[in-house]
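Q: Supplied in structure tokens, the structure appears directly below.
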Amino acid sequence: MMLGSVSKARKERFQSHVIGLNNKLVEKANLKTKRILLLLPHCLQMDECKIRLTHNIYNCKRCGKCEIKDLITIAEEHDLDLFVATGGTLARRTVTDLRPDAIVAVACERDLSSGIADAYPVPAIGIPNMRPFGPCINTKVDLDKVREAIRSLSTSSAGTRPAK
């Protein structure tokens with residue numbers, strides 16, 4: 001990280017490289033599990049939305065103005081744990097509390113690179129979000145990448161996760 005800290009752009013490229021390398025290692029391990037946590041940043045939610053999702057993402061009205069609706073559908077189709085975190089502390093506590101076998105996480109490069117390290121030894125695939133309006137506001141994610149990450153870790157397509 002120190003090598004990339006000369007400039008913000010370089011640091012972000014370095015973090016992106018680390019995330020990509022991590023993802024390849026996780027995928028190469030060919031881990032298959034039913035207990036996957038889909039961990040999302042709160043910035044995927046539209047900033048004008050009045051509904052608070054950080055305590056219960058299923059409060060979402062599924063209006064379609066952001067991708068939360070689609071991510072809930074993906075989680076339901078695959079019977080995943082789904083959580084929206086407002087920051088690293090809450091994300092770490094969620095991982096500790098839920099004890100997943102694997103994580104698919106969406107966030108910015110900075111949060112992903114530190115979160116992947118914090119989650120170790122739990123394997124985590126990181127998907128950087130897109131920030132068309134700048135950091136931490138109305139971000140987006142490539143839903144196909146989320147689906148592919150889940151497929152690469154999942155033993156089944158839906159509904160067969162063991163009881164907790």
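Within each chain, counting starts at residue 1; across the structure tokens, chains are named A, B, ... in the order shown, with ligands numbered 1 upward in that order.
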Among segment 70-119 of chain A, which residues does DSSP mark as strand (DSSP E) when it is run on the backbone? Keep the chain and numbering as in the structure and answer as a list in words.
A: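 After running DSSP on the backbone, segment 70-119 of chain A has strand (DSSP E) at Asp81, Leu82, Phe83, Val84, Ala85, Ala102, Ile103, Val104, Ala105, Val106 and Ala107 of chain A.
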Q: With C-alpha atoms retained, export the selected residues as a compact mmCIF listing (two decimals), in the first residue's frame.
A:
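And here is the file that came out, selection_4.txt:
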# COMPACT_ATOMS: atom_id res chain seq x y z
CA ASP A 81 -27.24 -13.77 4.01
CA LEU A 82 -27.48 -10.15 2.88
CA PHE A 83 -26.30 -7.12 4.82
CA VAL A 84 -25.71 -3.42 4.21
CA ALA A 85 -22.84 -1.94 6.20
CA ALA A 102 -17.39 -17.13 2.11
CA ILE A 103 -18.13 -13.49 1.36
CA VAL A 104 -19.03 -11.59 -1.79
CA ALA A 105 -18.43 -7.93 -0.97
CA VAL A 106 -19.18 -4.76 -2.91
CA ALA A 107 -17.39 -1.53 -1.96
Q: Taking the chain letters and numbering used in this document, name the residues of segment 77-118 of chain A that DSSP puts in alpha helix (DSSP H), as a VMD selection string.
A: chain A and resid 77 to 78 88 to 98 109 to 118
Q: Determine the nearest neighbour of His78 of chain A from the options A:Arg35, A:Asn56, A:Asp97, A:Ala29, counting only C-alpha atoms.
A: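 Of A:Arg35, A:Asn56, A:Asp97, A:Ala29, the one nearest His78 of chain A, counting only C-alpha atoms, is A:Arg35.
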Q: Give the answer as one residue: which of A:Arg131, A:Lys28, A:Arg92, A:Leu39 has the shortest atom-to-atom distance to Val146 of chain A, using only C-alpha atoms?
A: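 For Val146 of chain A, the nearest of the candidates is A:Leu39.
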Q: In Å to one decimal, how far is atom CA of Glu148 of chain A from atom CA of Asp101 of chain A?
A: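 Calculated distance between atom CA of Asp101 of chain A and atom CA of Glu148 of chain A is 17.1 Å.
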